[in-house]
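Q: Just work_17.cif, nothing more (mmCIF, C-alpha atoms, pLDDT in the B column; chains and numbers go by the auth columns):
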data_coords
#
loop_
_atom_site.group_PDB
_atom_site.id
_atom_site.type_symbol
_atom_site.label_atom_id
_atom_site.label_comp_id
_atom_site.label_asym_id
_atom_site.label_seq_id
_atom_site.Cartn_x
_atom_site.Cartn_y
_atom_site.Cartn_z
_atom_site.B_iso_or_equiv
_atom_site.auth_seq_id
_atom_site.auth_asym_id
ATOM 1 C CA MET A 1 0.000 0.000 0.000 94.00 9 A
ATOM 2 C CA ASP A 2 1.050 3.551 -0.685 97.00 10 A
ATOM 3 C CA LEU A 3 -1.705 5.711 0.765 97.00 11 A
ATOM 4 C CA HIS A 4 -1.792 9.430 1.497 97.00 12 A
ATOM 5 C CA PHE A 5 -4.170 11.006 4.009 96.00 13 A
ATOM 6 C CA ASP A 6 -4.992 14.710 3.778 95.00 14 A
ATOM 7 C CA ALA A 7 -7.011 16.227 6.635 92.00 15 A
ATOM 8 C CA GLU A 8 -10.140 18.066 5.518 90.00 16 A
ATOM 9 C CA THR A 9 -11.063 19.080 9.075 88.00 17 A
ATOM 10 C CA LYS A 10 -9.016 20.376 11.968 86.00 18 A
ATOM 11 C CA PRO A 11 -7.616 17.845 14.412 89.00 19 A
ATOM 12 C CA PHE A 12 -9.599 17.773 17.638 89.00 20 A
ATOM 13 C CA ARG A 13 -8.347 17.268 21.122 86.00 21 A
ATOM 14 C CA PRO A 14 -10.299 18.385 24.183 82.00 22 A
ATOM 15 C CA GLY A 15 -8.359 21.235 25.794 78.00 23 A
ATOM 16 C CA THR A 16 -4.875 19.910 26.462 78.00 24 A
ATOM 17 C CA GLY A 17 -5.998 16.447 25.355 73.00 25 A
ATOM 18 C CA TYR A 18 -5.590 15.142 28.901 77.00 26 A
ATOM 19 C CA ILE A 19 -8.477 13.906 31.014 79.00 27 A
ATOM 20 C CA THR A 20 -7.519 13.449 34.673 76.00 28 A
ATOM 21 C CA PHE A 21 -9.140 10.847 36.899 73.00 29 A
ATOM 22 C CA GLY A 22 -9.307 11.523 40.637 70.00 30 A
ATOM 23 C CA ASN A 23 -6.372 12.620 42.752 73.00 31 A
ATOM 24 C CA VAL A 24 -4.002 9.976 41.413 68.00 32 A
ATOM 25 C CA GLU A 25 -1.683 10.788 38.539 70.00 33 A
ATOM 26 C CA THR A 26 -3.596 9.148 35.718 77.00 34 A
ATOM 27 C CA TYR A 27 -4.485 10.572 32.354 76.00 35 A
ATOM 28 C CA TYR A 28 -6.272 9.743 29.140 80.00 36 A
ATOM 29 C CA ASN A 29 -5.166 11.565 25.985 82.00 37 A
ATOM 30 C CA PHE A 30 -7.368 11.772 22.908 83.00 38 A
ATOM 31 C CA ILE A 31 -7.074 13.181 19.370 87.00 39 A
ATOM 32 C CA CYS A 32 -9.288 12.807 16.286 90.00 40 A
ATOM 33 C CA VAL A 33 -9.550 14.023 12.691 91.00 41 A
ATOM 34 C CA THR A 34 -13.130 13.417 11.532 88.00 42 A
ATOM 35 C CA ARG A 35 -12.604 13.663 7.759 90.00 43 A
ATOM 36 C CA LEU A 36 -9.571 12.845 5.645 91.00 44 A
ATOM 37 C CA LYS A 37 -9.193 12.508 1.871 94.00 45 A
ATOM 38 C CA VAL A 38 -7.376 9.300 0.904 97.00 46 A
ATOM 39 C CA SER A 39 -5.483 8.681 -2.336 97.00 47 A
ATOM 40 C CA GLY A 40 -2.784 6.322 -3.487 97.00 48 A
ATOM 41 C CA THR A 41 -2.213 2.807 -4.757 98.00 49 A
ATOM 42 C CA ILE A 42 -2.646 -0.700 -3.431 97.00 50 A
ATOM 43 C CA LEU A 43 -1.217 -3.963 -4.727 96.00 51 A
ATOM 44 C CA ILE A 44 -3.738 -6.831 -4.944 95.00 52 A
ATOM 45 C CA ASP A 45 -2.611 -10.215 -6.301 96.00 53 A
ATOM 46 C CA GLY A 46 0.270 -8.545 -8.149 95.00 54 A
ATOM 47 C CA GLU A 47 -1.925 -5.861 -9.748 97.00 55 A
ATOM 48 C CA GLN A 48 -1.434 -2.238 -8.706 97.00 56 A
ATOM 49 C CA LYS A 49 -4.645 -0.226 -8.448 97.00 57 A
ATOM 50 C CA ALA A 50 -5.234 3.483 -7.901 97.00 58 A
ATOM 51 C CA VAL A 51 -7.629 4.147 -5.020 97.00 59 A
ATOM 52 C CA SER A 52 -9.317 7.149 -3.479 97.00 60 A
ATOM 53 C CA GLY A 53 -11.850 7.691 -0.743 95.00 61 A
ATOM 54 C CA SER A 54 -12.350 9.064 2.718 91.00 62 A
ATOM 55 C CA ALA A 55 -11.261 8.105 6.221 92.00 63 A
ATOM 56 C CA TYR A 56 -11.095 9.290 9.796 89.00 64 A
ATOM 57 C CA TYR A 57 -8.313 9.113 12.358 91.00 65 A
ATOM 58 C CA ASN A 58 -8.427 8.792 16.112 90.00 66 A
ATOM 59 C CA HIS A 59 -5.992 7.667 18.719 89.00 67 A
ATOM 60 C CA GLN A 60 -6.047 7.461 22.471 87.00 68 A
ATOM 61 C CA TRP A 61 -3.148 7.113 24.879 87.00 69 A
ATOM 62 C CA SER A 62 -3.354 6.567 28.590 87.00 70 A
ATOM 63 C CA ASN A 63 -1.537 5.347 31.628 85.00 71 A
ATOM 64 C CA ILE A 64 -4.773 3.844 32.958 84.00 72 A
ATOM 65 C CA SER A 65 -6.774 0.967 31.501 83.00 73 A
ATOM 66 C CA PRO A 66 -10.065 2.086 29.930 83.00 74 A
ATOM 67 C CA THR A 67 -11.788 -0.699 31.909 80.00 75 A
ATOM 68 C CA VAL A 68 -10.550 0.975 35.110 82.00 76 A
ATOM 69 C CA ALA A 69 -11.120 4.579 33.974 84.00 77 A
ATOM 70 C CA PHE A 70 -14.578 4.252 32.404 86.00 78 A
ATOM 71 C CA HIS A 71 -17.901 2.758 33.341 86.00 79 A
ATOM 72 C CA HIS A 72 -19.044 3.101 29.722 87.00 80 A
ATOM 73 C CA TRP A 73 -18.768 5.319 26.676 88.00 81 A
ATOM 74 C CA LEU A 74 -20.490 6.061 23.381 89.00 82 A
ATOM 75 C CA TRP A 75 -18.198 6.954 20.493 88.00 83 A
ATOM 76 C CA GLY A 76 -18.982 7.923 16.911 88.00 84 A
ATOM 77 C CA ARG A 77 -18.055 9.953 13.859 88.00 85 A
ATOM 78 C CA GLN A 78 -20.393 10.881 11.065 88.00 86 A
ATOM 79 C CA ASN A 79 -20.158 12.774 7.796 86.00 87 A
ATOM 80 C CA ILE A 80 -23.490 14.388 6.958 86.00 88 A
ATOM 81 C CA GLY A 81 -23.369 16.203 3.643 85.00 89 A
ATOM 82 C CA LYS A 82 -21.093 19.179 4.195 89.00 90 A
ATOM 83 C CA TYR A 83 -20.749 18.561 7.953 91.00 91 A
ATOM 84 C CA SER A 84 -18.552 16.220 9.986 91.00 92 A
ATOM 85 C CA VAL A 85 -19.575 15.276 13.507 92.00 93 A
ATOM 86 C CA LEU A 86 -17.639 13.732 16.391 92.00 94 A
ATOM 87 C CA ILE A 87 -19.303 12.485 19.562 93.00 95 A
ATOM 88 C CA TYR A 88 -17.504 10.863 22.464 90.00 96 A
ATOM 89 C CA ASP A 89 -19.664 10.571 25.564 91.00 97 A
ATOM 90 C CA MET A 90 -17.547 9.084 28.367 89.00 98 A
ATOM 91 C CA VAL A 91 -18.720 8.174 31.859 88.00 99 A
ATOM 92 C CA ALA A 92 -15.955 7.609 34.413 87.00 100 A
ATOM 93 C CA SER A 93 -15.984 4.449 36.531 85.00 101 A
ATOM 94 C CA GLN A 94 -17.648 4.338 39.935 85.00 102 A
ATOM 95 C CA GLN A 95 -14.346 4.946 41.726 84.00 103 A
ATOM 96 C CA PHE A 96 -14.152 8.275 39.864 86.00 104 A
ATOM 97 C CA GLY A 97 -17.742 9.258 40.660 88.00 105 A
ATOM 98 C CA LEU A 98 -19.441 8.265 37.368 87.00 106 A
ATOM 99 C CA THR A 99 -18.496 11.736 36.070 85.00 107 A
ATOM 100 C CA GLN A 100 -19.808 12.363 32.559 87.00 108 A
ATOM 101 C CA ILE A 101 -17.361 13.799 30.028 85.00 109 A
ATOM 102 C CA PRO A 102 -19.171 14.561 26.745 89.00 110 A
ATOM 103 C CA LEU A 103 -17.143 15.706 23.725 90.00 111 A
ATOM 104 C CA PHE A 104 -18.822 16.948 20.544 93.00 112 A
ATOM 105 C CA THR A 105 -17.671 18.800 17.437 92.00 113 A
ATOM 106 C CA ILE A 106 -19.184 19.917 14.145 93.00 114 A
ATOM 107 C CA ASP A 107 -16.937 20.962 11.257 92.00 115 A
ATOM 108 C CA ASP A 108 -18.066 22.254 7.868 91.00 116 A
ATOM 109 C CA ASP A 109 -16.754 21.121 4.478 86.00 117 A
ATOM 110 C CA GLN A 110 -14.177 23.936 4.517 87.00 118 A
ATOM 111 C CA GLY A 111 -12.632 22.505 7.681 84.00 119 A
ATOM 112 C CA ASN A 112 -14.007 25.237 9.953 89.00 120 A
ATOM 113 C CA ARG A 113 -14.941 24.207 13.478 91.00 121 A
ATOM 114 C CA LEU A 114 -18.530 25.390 13.977 93.00 122 A
ATOM 115 C CA LEU A 115 -19.069 23.936 17.439 93.00 123 A
ATOM 116 C CA GLU A 116 -16.850 22.361 20.090 92.00 124 A
ATOM 117 C CA ILE A 117 -18.189 21.051 23.399 92.00 125 A
ATOM 118 C CA THR A 118 -15.811 19.639 26.020 87.00 126 A
ATOM 119 C CA ASP A 119 -17.801 19.640 29.259 82.00 127 A
ATOM 120 C CA GLU A 120 -21.175 18.603 30.641 85.00 128 A
ATOM 121 C CA LYS A 121 -22.349 22.175 31.377 88.00 129 A
ATOM 122 C CA ASN A 122 -23.494 22.724 27.786 88.00 130 A
ATOM 123 C CA VAL A 123 -25.133 19.321 27.284 94.00 131 A
ATOM 124 C CA LYS A 124 -28.521 17.775 28.009 94.00 132 A
ATOM 125 C CA ILE A 125 -28.704 13.992 27.542 93.00 133 A
ATOM 126 C CA GLU A 126 -32.014 12.156 27.258 95.00 134 A
ATOM 127 C CA MET A 127 -32.157 8.351 27.206 93.00 135 A
ATOM 128 C CA LEU A 128 -35.338 7.794 25.178 96.00 136 A
ATOM 129 C CA ASP A 129 -35.240 3.997 24.915 95.00 137 A
ATOM 130 C CA THR A 130 -32.965 1.048 25.691 93.00 138 A
ATOM 131 C CA TYR A 131 -32.581 -2.611 24.775 91.00 139 A
ATOM 132 C CA VAL A 132 -30.926 -5.632 26.364 91.00 140 A
ATOM 133 C CA GLN A 133 -28.012 -6.951 24.315 87.00 141 A
ATOM 134 C CA GLN A 134 -28.500 -10.714 23.914 85.00 142 A
ATOM 135 C CA ALA A 135 -24.899 -11.961 24.223 82.00 143 A
ATOM 136 C CA THR A 136 -23.997 -9.884 27.293 85.00 144 A
ATOM 137 C CA ASN A 137 -27.416 -9.335 28.916 86.00 145 A
ATOM 138 C CA LYS A 138 -26.484 -5.667 29.393 87.00 146 A
ATOM 139 C CA GLU A 139 -28.767 -2.726 28.783 88.00 147 A
ATOM 140 C CA TYR A 140 -27.735 -0.343 25.981 87.00 148 A
ATOM 141 C CA PRO A 141 -29.303 2.843 24.611 88.00 149 A
ATOM 142 C CA SER A 142 -31.318 2.360 21.443 90.00 150 A
ATOM 143 C CA ASP A 143 -32.581 5.942 21.219 95.00 151 A
ATOM 144 C CA ILE A 144 -30.641 8.787 22.771 94.00 152 A
ATOM 145 C CA ARG A 145 -30.941 12.555 22.303 96.00 153 A
ATOM 146 C CA TYR A 146 -28.167 15.062 22.956 95.00 154 A
ATOM 147 C CA THR A 147 -28.811 18.790 23.071 96.00 155 A
ATOM 148 C CA PHE A 148 -25.641 20.880 22.841 95.00 156 A
ATOM 149 C CA SER A 149 -25.585 24.634 23.344 93.00 157 A
ATOM 150 C CA LYS A 150 -22.864 27.234 23.136 93.00 158 A
ATOM 151 C CA GLY A 151 -23.553 30.940 22.760 91.00 159 A
ATOM 152 C CA ASP A 152 -26.317 31.297 20.187 93.00 160 A
ATOM 153 C CA ILE A 153 -25.781 27.795 18.734 93.00 161 A
ATOM 154 C CA LEU A 154 -28.210 25.028 19.696 95.00 162 A
ATOM 155 C CA VAL A 155 -27.797 21.523 18.234 94.00 163 A
ATOM 156 C CA THR A 156 -29.998 18.483 18.772 95.00 164 A
ATOM 157 C CA TYR A 157 -28.281 15.210 17.830 94.00 165 A
ATOM 158 C CA GLU A 158 -30.244 11.966 18.012 94.00 166 A
ATOM 159 C CA ILE A 159 -29.034 8.405 17.658 92.00 167 A
ATOM 160 C CA MET A 160 -31.963 6.126 16.871 92.00 168 A
ATOM 161 C CA GLN A 161 -32.039 2.325 16.564 88.00 169 A
ATOM 162 C CA PRO A 162 -28.332 1.687 15.886 86.00 170 A
ATOM 163 C CA THR A 163 -27.366 -1.598 14.232 87.00 171 A
ATOM 164 C CA GLU A 164 -24.824 -3.752 16.044 88.00 172 A
ATOM 165 C CA ILE A 165 -21.965 -4.929 13.851 89.00 173 A
ATOM 166 C CA ASN A 166 -19.797 -6.565 16.509 89.00 174 A
ATOM 167 C CA THR A 167 -19.991 -7.577 20.166 89.00 175 A
ATOM 168 C CA ILE A 168 -17.099 -8.811 22.281 89.00 176 A
ATOM 169 C CA ASP A 169 -17.856 -10.235 25.718 89.00 177 A
ATOM 170 C CA ILE A 170 -14.446 -9.508 27.242 90.00 178 A
ATOM 171 C CA TYR A 171 -15.486 -10.854 30.630 90.00 179 A
ATOM 172 C CA GLY A 172 -17.128 -13.947 29.131 90.00 180 A
ATOM 173 C CA LEU A 173 -13.986 -14.775 27.126 93.00 181 A
ATOM 174 C CA ALA A 174 -11.636 -14.284 30.103 94.00 182 A
ATOM 175 C CA ASP A 175 -9.982 -17.215 31.859 96.00 183 A
ATOM 176 C CA ASP A 176 -10.630 -17.831 35.567 96.00 184 A
ATOM 177 C CA LYS A 177 -7.635 -15.745 36.712 96.00 185 A
ATOM 178 C CA GLN A 178 -8.690 -12.778 34.556 94.00 186 A
ATOM 179 C CA LYS A 179 -12.287 -13.085 35.790 94.00 187 A
ATOM 180 C CA GLN A 180 -11.025 -12.945 39.376 95.00 188 A
ATOM 181 C CA GLN A 181 -9.164 -9.719 38.532 91.00 189 A
ATOM 182 C CA PHE A 182 -12.291 -8.224 36.936 88.00 190 A
ATOM 183 C CA ASP A 183 -14.390 -9.369 39.897 91.00 191 A
ATOM 184 C CA ALA A 184 -11.951 -7.665 42.294 89.00 192 A
ATOM 185 C CA ILE A 185 -12.668 -4.313 40.613 82.00 193 A
ATOM 186 C CA GLN A 186 -16.363 -5.156 40.173 82.00 194 A
ATOM 187 C CA GLN A 187 -16.277 -5.053 36.366 84.00 195 A
ATOM 188 C CA GLN A 188 -17.620 -7.278 33.598 87.00 196 A
ATOM 189 C CA PRO A 189 -16.332 -5.459 30.492 88.00 197 A
ATOM 190 C CA THR A 190 -17.968 -5.876 27.107 88.00 198 A
ATOM 191 C CA TYR A 191 -17.607 -4.028 23.818 86.00 199 A
ATOM 192 C CA THR A 192 -20.430 -3.478 21.335 86.00 200 A
ATOM 193 C CA ARG A 193 -19.931 -1.757 17.998 84.00 201 A
#
Turn this file's structure into structure tokens for me.
A:
Amino acid sequence: MDLHFDAETKPFRPGTGYITFGNVETYYNFICVTRLKVSGTILIDGEQKAVSGSAYYNHQWSNISPTVAFHHWLWGRQNIGKYSVLIYDMVASQQFGLTQIPLFTIDDDQGNRLLEITDEKNVKIEMLDTYVQQATNKEYPSDIRYTFSKGDILVTYEIMQPTEINTIDIYGLADDKQKQQFDAIQQQPTYTR
């Protein structure tokens, strides 16, 4: 592969990019580019083909395990016509007070940041409906409404009836020793996409 990625929106990181948990020296660093133009070539079965398309980039670094830091999170990116949206709604684990950390951006097709939310003060979250995921027996949102406000901008963003494409029962797949470790921190982690 020889691929080139050109950002069409500004990179996003909340504030310094660091999210601090409690009084201990832990951090969680996050960065995302919601829309990139991709071009280049790929080699398939000896035949080189020119390709083009779109992509996104995100990466997270931390010195704390996400299963320790977070109770749950909702994460998504969406390109809607001339707009690109990022949502990352994190809820810290019980030991960190179940603090909600919602992140939200909207960029236009010129790469201008129209809205950036990095705290819960400017967000209203309404859980409209839920469902029980069959493999994990956990309750998930099926309909959720976010209302973001900043200055004279008001945005309502709804996620309705998402389709699952992958579920990993991390706890269910763990061996007995790993389950004991999860049990010690009162966690049964799962991942649904």
Q: Do a neighbour search on Glu166 (chain A) at 10 Å with only C-alpha atoms, toss out local chain neighbours closer than 6 positions, and write the hits as number ranges by chain.
A: A: 133-134, 136, 151-155
Q: From the list A:Thr113, A:Ser47, A:Val76, A:Gln142, which residue is nearest Ala192 (chain A) when using only C-alpha atoms?
A: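 Under the stated criterion, the closest residue is A:Val76.
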Q: Using the chain letters and numbers from the file, which residues does the PyMOL selection byres ((chain A and resi 96) around 9) grab, as a list in words?
A: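 Output of the PyMOL selection byres ((chain A and resi 96) around 9): Trp81, Leu82, Trp83, Gly84, Arg85, Leu94, Ile95, Asp97, Met98, Ile109, Pro110, Leu111 and Phe112 of chain A.
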Q: Near Glu124 (chain A), counting all atoms listed in the file, which residues have an atom at most 12 Å away, once you skip same-chain residues fewer than 5 positions from it, shown as a PyMOL selection string?
A: chain A and resi 18-23+92-96+110-115+130-131+156-159+161-163
Q: Do you have the CA of Gly25 (chain A)-CA of Asp127 (chain A) distance handy?
A: 12.8 Å
Q: Just want the 12 Å neighbourhood of Thr28 (chain A), counted on only C-alpha atoms, with same-chain residues fewer than 4 positions away dropped. Output as a list in words.
A: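 So the residues in contact are Pro22, Gly23, Thr24, Val32, Glu33, Thr34, Tyr35, Tyr36, Asn37, Phe38, Ser70, Asn71, Ile72, Ala77, Phe78, Ala100, Phe104, Thr107 and Ile109 of chain A.
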Q: Could you tell me which residues the PyMOL selection byres ((chain A and resi 17) around 7) grabs in this file, written as an mmCIF file with C-alpha atoms, keeping the file's coordinate frame?
A:
data_model
loop_
_atom_site.group_PDB
_atom_site.id
_atom_site.type_symbol
_atom_site.label_atom_id
_atom_site.label_comp_id
_atom_site.auth_asym_id
_atom_site.auth_seq_id
_atom_site.Cartn_x
_atom_site.Cartn_y
_atom_site.Cartn_z
ATOM 1 C CA ALA A 15 -7.011 16.227 6.635
ATOM 2 C CA GLU A 16 -10.140 18.066 5.518
ATOM 3 C CA LYS A 18 -9.016 20.376 11.968
ATOM 4 C CA PRO A 19 -7.616 17.845 14.412
ATOM 5 C CA VAL A 41 -9.550 14.023 12.691
ATOM 6 C CA THR A 42 -13.130 13.417 11.532
ATOM 7 C CA ARG A 43 -12.604 13.663 7.759
ATOM 8 C CA ASP A 115 -16.937 20.962 11.257
ATOM 9 C CA GLY A 119 -12.632 22.505 7.681
ATOM 10 C CA ASN A 120 -14.007 25.237 9.953
#
Q: If you measure from CA of Tyr139 (chain A) to CA of His67 (chain A), what distance in Å do you get, rounded to one decimal?
A: 29.1 Å
